[in-house]
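Enquirer: Dropping in protein02.txt, with compact mmCIF, C-alpha atoms.
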```txt
# COMPACT_ATOMS: atom_id res chain seq x y z
CA MET A 1 117.14 90.72 66.93
CA THR A 2 116.96 89.42 70.43
CA GLY A 3 117.13 91.25 73.69
CA SER A 4 116.92 90.16 77.27
CA ALA A 5 113.47 90.61 78.71
CA PRO A 6 113.28 93.07 81.59
CA ARG A 7 113.04 91.46 85.01
CA SER A 8 109.46 91.03 86.13
CA ARG A 9 108.38 93.53 88.75
CA VAL A 10 106.47 91.72 91.47
CA ALA A 11 103.80 93.47 93.50
CA LEU A 12 102.02 92.27 96.58
CA VAL A 13 98.49 93.66 96.92
CA ILE A 14 96.59 93.17 100.17
CA GLY A 15 92.90 93.90 100.03
CA SER A 16 90.42 94.89 102.70
CA GLY A 17 89.30 92.25 105.17
CA GLY A 18 89.83 93.28 108.81
CA VAL A 19 91.66 90.67 110.85
CA LYS A 20 91.68 88.30 107.87
CA CYS A 21 94.29 90.57 106.31
CA ALA A 22 96.79 89.00 108.71
CA ALA A 23 96.80 86.13 106.21
CA ALA A 24 99.09 88.38 104.19
CA LEU A 25 101.82 87.65 106.75
CA GLY A 26 101.56 83.95 105.84
CA LEU A 27 101.71 84.87 102.16
CA GLN A 28 104.70 87.11 102.74
CA GLN A 29 106.46 84.31 104.61
CA ALA A 30 105.76 81.81 101.83
CA LEU A 31 107.16 84.20 99.22
CA HIS A 32 110.21 84.90 101.38
CA ASP A 33 110.92 81.20 101.96
CA ALA A 34 110.66 80.57 98.23
CA GLY A 35 113.18 83.33 97.54
CA ILE A 36 110.63 85.45 95.70
CA GLU A 37 111.39 89.13 96.11
CA VAL A 38 108.60 91.66 96.19
CA ASP A 39 109.24 95.02 94.50
CA MET A 40 106.28 96.96 95.85
CA VAL A 41 103.40 96.59 98.27
CA VAL A 42 99.87 97.97 97.97
CA GLY A 43 97.39 97.89 100.84
CA CYS A 44 93.77 98.81 101.33
CA SER A 45 91.84 99.22 104.58
CA GLY A 46 92.90 96.45 107.02
CA GLY A 47 95.38 95.39 104.36
CA SER A 48 97.15 98.71 104.74
CA LEU A 49 98.44 97.67 108.19
CA TYR A 50 100.02 94.53 106.78
CA ALA A 51 101.27 96.31 103.68
CA ALA A 52 103.00 98.84 105.91
CA VAL A 53 104.70 96.28 108.18
CA THR A 54 105.79 94.30 105.13
CA ALA A 55 107.25 97.31 103.35
CA LEU A 56 108.97 98.50 106.53
CA GLY A 57 110.69 95.14 106.86
CA PHE A 58 109.11 93.93 110.11
CA THR A 59 109.83 90.27 110.78
CA LEU A 60 106.86 87.93 110.99
CA GLU A 61 107.04 87.96 114.79
CA GLU A 62 107.35 91.74 114.94
CA ALA A 63 104.44 92.17 112.57
CA LYS A 64 102.32 89.71 114.52
CA ALA A 65 103.12 91.39 117.82
CA ALA A 66 102.47 94.89 116.47
CA THR A 67 99.10 94.02 114.96
CA LEU A 68 97.97 91.97 117.97
CA LYS A 69 98.47 95.04 120.14
CA LEU A 70 96.98 97.40 117.61
CA TRP A 71 93.71 95.99 116.40
CA THR A 72 91.61 94.88 119.36
CA ARG A 73 87.98 95.33 120.28
CA GLU A 74 88.88 98.27 122.52
CA VAL A 75 89.69 100.45 119.52
CA THR A 76 86.00 100.67 118.70
CA ALA A 77 84.68 100.47 122.26
CA GLN A 78 84.83 104.19 122.91
CA ARG A 79 81.55 105.63 121.73
CA ASN A 80 81.31 109.07 120.27
CA ARG A 81 78.40 110.23 122.45
CA ARG A 82 77.66 113.19 120.28
CA ALA A 83 77.32 111.01 117.16
CA LEU A 84 73.95 109.55 118.10
CA LEU A 85 72.59 112.97 118.97
CA GLN A 86 73.93 114.31 115.67
CA LEU A 87 72.17 111.46 113.90
CA LEU A 88 68.85 112.10 115.62
CA PHE A 89 68.99 115.90 115.67
CA PRO A 90 71.43 116.86 112.93
CA ARG A 91 70.69 120.58 112.93
CA VAL A 92 70.69 120.99 116.68
CA PHE A 93 73.94 119.09 117.25
CA GLY A 94 75.69 120.09 114.06
CA PHE A 95 76.00 116.94 111.95
CA SER A 96 79.06 117.09 109.72
CA GLU A 97 80.74 114.85 107.16
CA ALA A 98 83.48 113.99 109.67
CA TRP A 99 81.05 111.69 111.48
CA GLY A 100 81.45 108.27 113.04
CA PHE A 101 79.95 106.33 115.94
CA ARG A 102 83.31 105.71 117.57
CA GLU A 103 86.08 107.94 118.86
CA ASP A 104 89.35 107.47 117.02
CA GLY A 105 91.72 108.52 119.80
CA LEU A 106 92.77 105.02 120.77
CA ILE A 107 93.35 103.74 117.24
CA LEU A 108 95.46 106.81 116.48
CA GLU A 109 97.43 106.27 119.68
CA ARG A 110 98.06 102.64 118.79
CA LEU A 111 99.03 103.47 115.24
CA HIS A 112 101.56 105.91 116.65
CA THR A 113 102.87 103.21 119.00
CA ALA A 114 103.30 100.78 116.08
CA PHE A 115 104.62 103.15 113.44
CA GLY A 116 105.83 106.22 115.34
CA ASP A 117 106.89 109.02 113.03
CA ARG A 118 107.81 106.71 110.18
CA THR A 119 107.01 107.91 106.70
CA PHE A 120 106.59 106.19 103.34
CA ALA A 121 110.23 107.09 102.70
CA ASP A 122 111.26 104.71 105.52
CA ALA A 123 109.84 101.72 103.65
CA ARG A 124 112.42 99.35 102.19
CA ILE A 125 110.29 98.82 99.11
CA PRO A 126 107.73 101.21 97.58
CA LEU A 127 104.50 101.27 99.56
CA HIS A 128 101.13 102.53 98.36
CA LEU A 129 98.02 102.70 100.54
CA THR A 130 94.57 103.41 99.22
CA ALA A 131 91.70 105.42 100.60
CA THR A 132 88.63 106.97 99.02
CA ASP A 133 87.82 110.64 98.54
CA PHE A 134 84.67 111.22 100.58
CA ARG A 135 83.43 113.99 98.30
CA THR A 136 84.07 112.46 94.88
CA GLY A 137 84.33 108.71 95.52
CA GLU A 138 87.67 108.59 93.72
CA GLN A 139 90.36 106.18 94.78
CA VAL A 140 93.19 108.07 96.45
CA VAL A 141 96.64 106.52 96.50
CA LEU A 142 98.84 107.60 99.39
CA SER A 143 102.54 107.08 98.71
CA GLN A 144 104.33 109.79 100.64
CA GLY A 145 104.29 111.57 103.95
CA PRO A 146 103.71 110.15 107.43
CA LEU A 147 102.29 106.64 107.64
CA VAL A 148 99.89 107.04 110.56
CA PRO A 149 97.46 109.48 108.88
CA ALA A 150 97.53 107.40 105.69
CA ILE A 151 96.66 104.19 107.53
CA ARG A 152 94.03 105.96 109.63
CA ALA A 153 92.38 107.21 106.41
CA SER A 154 92.62 103.82 104.74
CA ILE A 155 90.82 102.15 107.68
CA ALA A 156 88.12 104.80 108.10
CA VAL A 157 85.34 102.19 108.19
CA PRO A 158 82.07 103.97 107.38
CA PHE A 159 79.79 104.64 110.35
CA ILE A 160 82.48 103.42 112.78
CA PHE A 161 85.34 105.86 112.26
CA ALA A 162 84.90 109.34 110.88
CA PRO A 163 86.46 110.13 107.52
CA TYR A 164 89.97 111.50 108.00
CA ARG A 165 91.64 114.48 106.41
CA VAL A 166 94.99 113.96 104.66
CA ASP A 167 96.63 116.77 102.67
CA GLY A 168 93.38 118.69 102.62
CA ARG A 169 91.24 115.83 101.28
CA LEU A 170 88.62 114.17 103.42
CA LEU A 171 89.20 110.43 103.04
CA VAL A 172 87.22 107.35 103.93
CA ASP A 173 88.04 103.65 103.85
CA GLY A 174 89.82 102.40 100.74
CA PHE A 175 87.43 99.50 100.24
CA LEU A 176 84.72 101.90 99.12
CA SER A 177 86.58 102.59 95.87
CA ASP A 178 88.23 99.19 95.41
CA PRO A 179 88.52 96.39 98.00
CA LEU A 180 91.49 94.90 96.11
CA PRO A 181 93.37 97.72 94.39
CA ILE A 182 95.46 95.81 91.87
CA ASN A 183 95.12 98.76 89.50
CA VAL A 184 97.66 100.64 91.65
CA ALA A 185 100.24 97.90 91.12
CA MET A 186 99.50 97.93 87.38
CA ARG A 187 99.94 101.69 87.22
CA GLU A 188 103.22 101.45 89.12
CA GLY A 189 104.57 99.04 86.54
CA ALA A 190 104.15 95.64 88.16
CA SER A 191 104.05 92.77 85.69
CA VAL A 192 103.39 90.00 88.21
CA ILE A 193 100.80 90.84 90.84
CA VAL A 194 100.22 88.56 93.79
CA ALA A 195 96.88 89.73 95.15
CA MET A 196 95.35 88.54 98.37
CA GLY A 197 91.65 89.38 98.53
CA PHE A 198 88.83 88.65 100.92
CA GLU A 199 85.11 88.57 100.43
CA SER A 200 83.12 90.24 103.20
CA PRO A 201 81.17 87.72 105.27
CA TYR A 202 77.40 87.71 105.12
CA GLN A 203 75.43 87.85 108.36
CA THR A 204 73.92 84.62 109.61
CA ALA A 205 71.10 86.53 111.31
CA VAL A 206 70.03 90.15 111.00
CA ARG A 207 68.37 91.27 114.21
CA THR A 208 69.98 94.65 114.78
CA PRO A 209 70.34 97.79 112.66
CA ALA A 210 74.13 97.34 112.80
CA ARG A 211 73.93 93.85 111.33
CA PHE A 212 71.50 95.12 108.71
CA ALA A 213 74.03 97.79 107.73
CA PHE A 214 76.89 95.24 107.70
CA GLN A 215 74.87 92.95 105.45
CA LEU A 216 74.20 95.71 102.93
CA SER A 217 77.85 96.71 103.10
CA SER A 218 78.96 93.12 102.40
CA ILE A 219 76.64 92.83 99.41
CA MET A 220 77.95 96.04 97.89
CA THR A 221 81.59 95.38 98.75
CA ASN A 222 81.61 91.86 97.32
CA ASN A 223 79.99 92.99 94.11
CA LEU A 224 82.47 95.86 93.85
CA LEU A 225 85.36 93.46 94.48
CA LYS A 226 84.21 91.19 91.66
CA SER A 227 83.49 93.92 89.16
CA ARG A 228 86.77 95.74 89.73
CA PHE A 229 88.80 92.53 89.72
CA ALA A 230 87.05 91.32 86.57
CA PHE A 231 87.84 94.55 84.76
CA HIS A 232 91.50 94.73 85.78
CA ASN A 233 91.97 91.04 85.14
CA ALA A 234 90.61 91.26 81.60
CA ALA A 235 91.91 94.65 80.58
CA HIS A 236 95.58 94.56 81.45
CA HIS A 237 98.50 92.41 80.34
CA ALA A 238 99.89 91.96 83.86
CA GLU A 239 99.72 88.48 85.32
CA VAL A 240 97.47 88.53 88.36
CA ILE A 241 97.75 85.66 90.79
CA LEU A 242 94.76 85.71 93.07
CA VAL A 243 95.35 84.22 96.49
CA VAL A 244 92.13 83.68 98.41
CA PRO A 245 92.52 81.96 101.78
CA GLU A 246 89.77 79.60 102.89
CA PHE A 247 88.64 80.10 106.45
CA GLU A 248 86.61 77.28 107.89
CA GLN A 249 86.43 79.15 111.18
CA ARG A 250 84.46 82.37 111.09
CA VAL A 251 86.84 85.30 111.56
CA GLY A 252 85.17 88.42 112.92
CA LEU A 253 86.37 91.97 112.50
CA PHE A 254 88.19 91.96 115.86
CA ASP A 255 88.98 88.27 116.40
CA THR A 256 92.65 89.03 116.91
CA TRP A 257 93.18 85.83 118.91
CA LYS A 258 92.64 84.02 115.62
CA ILE A 259 95.59 85.77 113.99
CA PRO A 260 97.91 82.71 114.21
CA TYR A 261 95.19 80.61 112.51
CA VAL A 262 94.63 83.33 109.91
CA ILE A 263 98.37 83.51 109.16
CA ASP A 264 98.52 79.73 108.73
CA GLU A 265 95.61 79.79 106.29
CA GLY A 266 97.28 82.62 104.38
CA ARG A 267 100.44 80.59 104.10
CA ARG A 268 98.53 77.49 103.06
CA ALA A 269 96.71 79.43 100.33
CA ALA A 270 99.96 80.99 99.14
CA GLU A 271 101.85 77.70 98.91
CA ARG A 272 99.47 76.55 96.17
CA HIS A 273 100.73 79.39 93.99
CA ILE A 274 104.44 79.30 94.77
CA PRO A 275 105.43 76.70 92.13
CA TYR A 276 103.76 78.71 89.36
CA ILE A 277 105.21 82.04 90.52
CA ARG A 278 108.69 80.50 90.56
CA ARG A 279 108.22 79.06 87.07
CA LEU A 280 106.85 82.36 85.82
CA LEU A 281 109.73 84.40 87.23
CA GLY A 282 112.24 81.78 86.20
CA ALA A 283 110.93 81.90 82.65
CA GLY A 284 112.05 85.53 82.56
CA ARG A 285 108.97 86.77 80.83
CA THR A 286 105.67 88.14 81.82
CA ALA A 287 102.28 86.96 80.73
CA MET B 288 102.18 72.25 82.40
CA LEU B 289 99.13 71.94 80.21
CA THR B 290 97.45 69.00 78.52
CA ILE B 291 94.76 69.34 75.88
CA GLU B 292 92.74 66.57 74.24
CA VAL B 293 89.95 67.21 71.80
CA GLU B 294 87.09 64.80 71.29
CA GLU B 295 84.28 65.34 68.82
CA ARG B 296 80.81 64.69 70.13
CA GLY B 297 78.52 65.41 67.21
CA ASP B 298 78.86 69.07 66.42
CA VAL B 299 80.36 69.82 69.82
CA SER B 300 84.10 69.76 70.41
CA LEU B 301 84.85 68.55 73.90
CA VAL B 302 88.22 69.96 74.93
CA ARG B 303 89.66 68.19 77.94
CA ILE B 304 92.10 70.54 79.57
CA GLY B 305 94.47 69.49 82.31
CA GLY B 306 97.13 71.11 84.48
CA SER B 307 97.60 74.82 84.74
CA VAL B 308 95.87 77.48 82.66
CA ASP B 309 98.26 80.35 83.24
CA GLY B 310 100.66 82.81 81.70
CA LEU B 311 103.10 80.10 80.66
CA THR B 312 100.50 77.90 78.97
CA ALA B 313 98.03 80.49 77.70
CA GLY B 314 99.58 80.62 74.24
CA ASP B 315 99.22 76.87 73.66
CA LEU B 316 95.64 76.86 74.87
CA LEU B 317 94.72 79.82 72.67
CA GLU B 318 96.32 78.16 69.68
CA ARG B 319 94.43 74.88 70.15
CA LEU B 320 91.06 76.46 70.81
CA THR B 321 91.43 78.94 67.96
CA ALA B 322 92.33 76.07 65.63
CA GLU B 323 89.04 74.39 66.52
CA LEU B 324 87.13 77.57 65.75
CA ALA B 325 89.03 78.07 62.50
CA ARG B 326 87.88 74.70 61.20
CA GLY B 327 84.27 75.56 61.92
CA ARG B 328 83.98 73.78 65.25
CA THR B 329 82.41 76.69 67.12
CA ARG B 330 80.55 74.76 69.79
CA LEU B 331 83.14 74.17 72.45
CA VAL B 332 82.94 72.55 75.84
CA GLY B 333 85.99 72.99 78.04
CA SER B 334 86.26 70.17 80.55
CA PHE B 335 88.03 71.65 83.58
CA ALA B 336 87.96 68.51 85.71
CA ASP B 337 91.74 68.27 85.53
CA VAL B 338 92.52 71.98 85.64
CA GLU B 339 94.27 72.55 88.93
CA TYR B 340 95.24 76.15 88.58
CA THR B 341 94.40 79.30 86.69
CA SER B 342 95.67 82.87 86.61
CA SER B 343 94.65 86.06 84.84
CA ALA B 344 96.52 85.25 81.61
CA GLY B 345 94.65 81.94 81.38
CA LEU B 346 91.35 83.65 82.01
CA ARG B 347 92.05 86.15 79.26
CA VAL B 348 92.41 83.26 76.81
CA LEU B 349 89.01 81.94 77.81
CA LEU B 350 87.54 85.39 77.29
CA ALA B 351 89.13 85.76 73.86
CA VAL B 352 87.90 82.33 72.76
CA LEU B 353 84.45 83.00 74.18
CA LYS B 354 84.15 86.22 72.16
CA ASP B 355 85.48 84.55 69.03
CA ALA B 356 83.16 81.54 69.36
CA ARG B 357 80.09 83.68 69.93
CA GLY B 358 81.10 85.93 67.05
CA ARG B 359 80.99 82.85 64.85
CA GLY B 360 77.59 81.80 66.14
CA GLY B 361 78.89 79.22 68.62
CA ASP B 362 79.81 79.27 72.28
CA LEU B 363 82.37 78.17 74.84
CA ARG B 364 80.89 76.40 77.86
CA LEU B 365 82.72 74.95 80.80
CA ALA B 366 82.15 71.77 82.78
CA ALA B 367 83.36 70.10 85.98
CA VAL B 368 85.24 73.10 87.32
CA ARG B 369 87.04 72.44 90.60
CA ARG B 370 86.02 74.52 93.59
CA GLU B 371 89.25 76.51 93.90
CA VAL B 372 89.30 77.26 90.18
CA TYR B 373 85.60 78.15 90.23
CA ARG B 374 86.31 80.66 92.96
CA VAL B 375 88.74 82.51 90.71
CA LEU B 376 86.33 82.31 87.77
CA ASP B 377 83.58 83.69 89.97
CA LEU B 378 85.65 86.58 91.31
CA ALA B 379 86.80 87.41 87.80
CA GLY B 380 83.21 87.66 86.61
CA PHE B 381 83.27 84.58 84.40
CA ALA B 382 80.50 82.82 86.29
CA GLY B 383 78.22 85.63 85.14
CA ILE B 384 79.01 85.48 81.42
CA LEU B 385 79.93 81.83 80.80
CA LYS B 386 77.64 78.84 81.07
CA ILE B 387 79.20 76.44 83.55
CA TYR B 388 77.89 72.91 84.10
CA ASP B 389 78.50 70.32 86.77
CA ASP B 390 79.56 67.67 84.27
CA VAL B 391 80.66 67.26 80.70
CA ASP B 392 77.53 65.43 79.53
CA ALA B 393 75.27 68.23 80.70
CA ALA B 394 77.48 70.82 79.00
CA VAL B 395 77.48 68.91 75.69
CA ALA B 396 73.72 68.31 75.90
CA SER B 397 73.09 72.00 76.53
CA PHE B 398 73.93 72.77 72.91
CA ALA B 399 71.02 70.62 71.79
CA ALA B 400 68.56 72.54 73.94
```
Using structure tokens, write down the structure that the file contains.
Expert:
Amino acid sequence: MTGSAPRSRVALVIGSGGVKCAAALGLQQALHDAGIEVDMVVGCSGGSLYAAVTALGFTLEEAKAATLKLWTREVTAQRNRRALLQLLFPRVFGFSEAWGFREDGLILERLHTAFGDRTFADARIPLHLTATDFRTGEQVVLSQGPLVPAIRASIAVPFIFAPYRVDGRLLVDGFLSDPLPINVAMREGASVIVAMGFESPYQTAVRTPARFAFQLSSIMTNNLLKSRFAFHNAAHHAEVILVVPEFEQRVGLFDTWKIPYVIDEGRRAAERHIPYIRRLLGAGRTA
Amino acid sequence: MLTIEVEERGDVSLVRIGGSVDGLTAGDLLERLTAELARGRTRLVGSFADVEYTSSAGLRVLLAVLKDARGRGGDLRLAAVRREVYRVLDLAGFAGILKIYDDVDAAVASFAA
């Protein structure tokens, strides 16, 4: 007995990586130019911004313009004056779990400018954004409701932005549970997963407490990325195509002027995989 | 596209793999490597010098062969892995469980150690 194989469901997964996540726009463009349709998008942390613009159908230029305006150094320039006092004298100043060194007013304002009142239902293709439950450490997948709170939760970088409450759960950055959440695409039925991931950069010199904290964060995040990817890669039948752009220039967390370069590198990395993805989809079967 | 050539070097089978180790070629690779194991050639060196591409399905074949070879008292070791392929192997945890050598001779010699 023969039957036609079901069409492969293609997912695009964009991992955490700050400004580097803009490389996903180059990947998206490469897929589009090759006529490869994406059936769902998953985003984590900085990747959630690019997942959202992709799923909403922004053009490359619209996406570039929106993110250039959104993610600049100013969004973390406004210090939360009370935070340092809360750190030094927690009982006196009432330290709480909703704690971060920076005010989040500006990032929320900019998210509203970029996404307005759009909800997940406005996406042209299913969109899933990940965050992490602050209390339990569980990965939380946000797939409905307004986009702005979901993105704000997904980018709640520890120590910088306070955890953010969505539907009664206090959420922190998605990278803390999985920097490259391909498991979400697997659970949603994707058979071909194009995953763009980024390793966190290590510090060249550690002379401040902030750099010390960033270094420890990079060590933990990179090890988490590898262990989670290794497990999903080995345990599931889905075909995972890992796209890892190479950046010869160092790309900092807020180096938004490098976005055109980052997009180009994303496209370059993606083009290496396009022939195989086309053959795989053309073969009408999944791995 | 996948090319596979097997060369016997003493009790080590040197498997020169070329092209793409992916979901479309994984079956052929598994078949060839399993055939080596089935005829008692359990010391395998996979030369990756000509492997240009790999995906999760290809990696799962390596894992299956690795387990099988070790279960039979042998091993699968890799040599001459290109940088971009090594990056995927590293992220997928293979660099931590497989022995990977810079060149084929070192990988073959490692079985004598």
Enquirer: I need the residue nearest A:Val166 from this list: A:Asp117, A:Asp133, A:Asp122, A:Glu246. Use all atoms listed in the file for the distance.
Expert: A:Asp133
Enquirer: Hey, which of B:Glu294, B:Asp315, B:Asp309, B:Asp362 ends up closest to chain A? Count all atoms listed in the file.
Expert: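 Ranked by minimum distance to chain A, first place goes to B:Asp309.
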Enquirer: Calculate how many Å separate atom CA of A:Ala51 from atom CA of A:Ile14, rounding to one decimal.
Expert: 6.6 Å
Enquirer: Using all atoms listed in the file, determine which residues lie at most 8 Å from A:Gln139, disregarding the query and same-chain residues fewer than 3 positions distant; provide the list as a count of residues only.
Expert: 7
Enquirer: Please report, as CSV, each residue of chain B lying at most 12 Å from chain A, together with the nearest pair of atoms and the separation in Å rounded to one decimal; use all atoms listed in the file, and order rows by chain and ascending residue number.
Expert:
```
residue,atom,partner,partner_atom,distance
B:Met288,CA,A:Tyr276,CA,9.6
B:Gly306,CA,A:Tyr276,CA,11.2
B:Ser307,CA,A:Tyr276,CA,8.6
B:Val308,CA,A:Tyr276,CA,10.4
B:Asp309,CA,A:Ala287,CA,8.1
B:Gly310,CA,A:Ala287,CA,4.6
B:Leu311,CA,A:Leu280,CA,6.8
B:Thr312,CA,A:Ala287,CA,9.4
B:Ala313,CA,A:Ala287,CA,8.3
B:Gly314,CA,A:Ala287,CA,9.5
B:Glu339,CA,A:Arg272,CA,9.8
B:Tyr340,CA,A:His273,CA,8.4
B:Thr341,CA,A:Ile241,CA,8.3
B:Ser342,CA,A:Ile241,CA,5.4
B:Ser343,CA,A:Val240,CA,5.1
B:Ala344,CA,A:Glu239,CA,5.9
B:Gly345,CA,A:Ala287,CA,9.2
B:Leu346,CA,A:Ala234,CA,7.7
B:Arg347,CA,A:Ala234,CA,5.8
B:Val348,CA,A:Ala234,CA,9.5
B:Leu349,CA,A:Ala234,CA,10.2
B:Leu350,CA,A:Ala234,CA,7.9
B:Ala351,CA,A:Ala234,CA,9.6
B:Arg370,CA,A:Glu246,CA,11.2
B:Glu371,CA,A:Val244,CA,8.9
B:Val372,CA,A:Leu242,CA,10.5
B:Tyr373,CA,A:Val244,CA,11.8
B:Arg374,CA,A:Val244,CA,8.5
B:Val375,CA,A:Leu242,CA,7.2
B:Leu376,CA,A:Ala230,CA,9.1
B:Asp377,CA,A:Lys226,CA,7.7
B:Leu378,CA,A:Lys226,CA,4.8
B:Ala379,CA,A:Ala230,CA,4.1
B:Gly380,CA,A:Ala230,CA,5.3
B:Phe381,CA,A:Ala230,CA,8.0
B:Ala382,CA,A:Lys226,CA,10.6
B:Gly383,CA,A:Lys226,CA,10.5
B:Ile384,CA,A:Ala230,CA,11.2
```
Enquirer: I want to know what sits within 6 Å of A:Val75, based on all atoms listed in the file, with residues of the same chain fewer than 2 positions away left out; could you give that as a ChimeraX atom specification?
Expert: /A:72-73,77,106-107
Enquirer: Fewer than 4 positions away in the same chain doesn't count, so skip those; otherwise give me all residues within 12 Å of B:Arg357, counting all atoms listed in the file, as a PyMOL selection string.
Expert: chain B and resi 324+328-331+350-353+361-364+384-385
Enquirer: Which residues are close to A:Asp167, i.e. within 12 Å by all atoms listed in the file, leaving aside same-chain residues fewer than 2 positions away? Reply as a list in words.
Expert: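 Counting only the stated atoms, we get Asp133, Val140, Val141, Leu142, Gln144, Gly145, Pro146, Pro149, Ala150, Ala153, Tyr164, Arg165, Arg169, Leu170 and Leu171 of chain A.
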Enquirer: When you count only C-alpha atoms, which of these residues is closest to B:Thr290: B:Asp355, B:Glu318, B:Glu323, B:Asp337?
Expert: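 The answer is B:Asp337, which sits nearest to B:Thr290.
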Enquirer: Would you work out the distance separating atom CA of A:Thr204 from atom CA of A:Pro179, expressed in Å to one decimal?
Expert: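 Calculated distance between atom CA of A:Thr204 and atom CA of A:Pro179 is 22.1 Å.
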Enquirer: Near A:Leu70, counting all atoms listed in the file, which residues have an atom at most 12 Å away, once you skip same-chain residues fewer than 5 positions from it, shown as a VMD selection string?
Expert: chain A and resid 19 46 49 to 50 63 to 65 75 to 76 106 to 115 254 256
Enquirer: Provide the atom CA of A:Thr136 to atom CA of A:Arg91 distance in Å, to one decimal place.
Expert: 23.9 Å
Enquirer: Using all atoms listed in the file, which residue out of A:Ser143, A:Ser154, A:Ser191, A:Gln203 lies closest to A:Ala11?
Expert: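 Ranked by minimum distance to A:Ala11, first place goes to A:Ser191.
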Enquirer: Looking at all atoms listed in the file, which of B:Val299, B:Ala367, B:Val395, B:Leu289 is the one that sits closest to B:Leu316?
Expert: B:Leu289
Enquirer: Could you rebuild stretch 312-324 of chain B with N, CA, C and O atoms and give me the result as a compact mmCIF listing (two decimals), keeping the file's coordinate frame?
Expert:
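Written output follows (selection.txt):
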```
# COMPACT_ATOMS: atom_id res chain seq x y z
N THR B 312 101.17 78.88 79.85
CA THR B 312 100.50 77.90 78.97
C THR B 312 99.41 78.55 78.12
O THR B 312 98.83 77.89 77.27
N ALA B 313 99.14 79.82 78.37
CA ALA B 313 98.03 80.49 77.70
C ALA B 313 98.16 80.44 76.18
O ALA B 313 97.16 80.24 75.47
N GLY B 314 99.37 80.61 75.69
CA GLY B 314 99.58 80.62 74.24
C GLY B 314 99.17 79.30 73.59
O GLY B 314 98.50 79.29 72.55
N ASP B 315 99.57 78.19 74.21
CA ASP B 315 99.22 76.87 73.66
C ASP B 315 97.71 76.65 73.67
O ASP B 315 97.14 76.13 72.72
N LEU B 316 97.09 77.05 74.76
CA LEU B 316 95.64 76.86 74.87
C LEU B 316 94.91 77.69 73.82
O LEU B 316 94.00 77.20 73.14
N LEU B 317 95.35 78.93 73.66
CA LEU B 317 94.72 79.82 72.67
C LEU B 317 94.86 79.22 71.27
O LEU B 317 93.91 79.20 70.48
N GLU B 318 96.05 78.73 71.00
CA GLU B 318 96.32 78.16 69.68
C GLU B 318 95.39 76.97 69.39
O GLU B 318 94.79 76.88 68.31
N ARG B 319 95.26 76.08 70.36
CA ARG B 319 94.43 74.88 70.15
C ARG B 319 92.95 75.22 70.00
O ARG B 319 92.25 74.68 69.14
N LEU B 320 92.48 76.12 70.86
CA LEU B 320 91.06 76.46 70.81
C LEU B 320 90.73 77.27 69.55
O LEU B 320 89.69 77.08 68.92
N THR B 321 91.64 78.15 69.17
CA THR B 321 91.43 78.94 67.96
C THR B 321 91.44 78.05 66.72
O THR B 321 90.68 78.29 65.77
N ALA B 322 92.27 77.02 66.76
CA ALA B 322 92.33 76.07 65.63
C ALA B 322 90.98 75.36 65.47
O ALA B 322 90.51 75.15 64.35
N GLU B 323 90.37 75.01 66.58
CA GLU B 323 89.04 74.39 66.52
C GLU B 323 88.04 75.34 65.86
O GLU B 323 87.26 74.94 64.99
N LEU B 324 88.07 76.58 66.30
CA LEU B 324 87.13 77.57 65.75
C LEU B 324 87.39 77.76 64.26
O LEU B 324 86.45 77.86 63.46
```
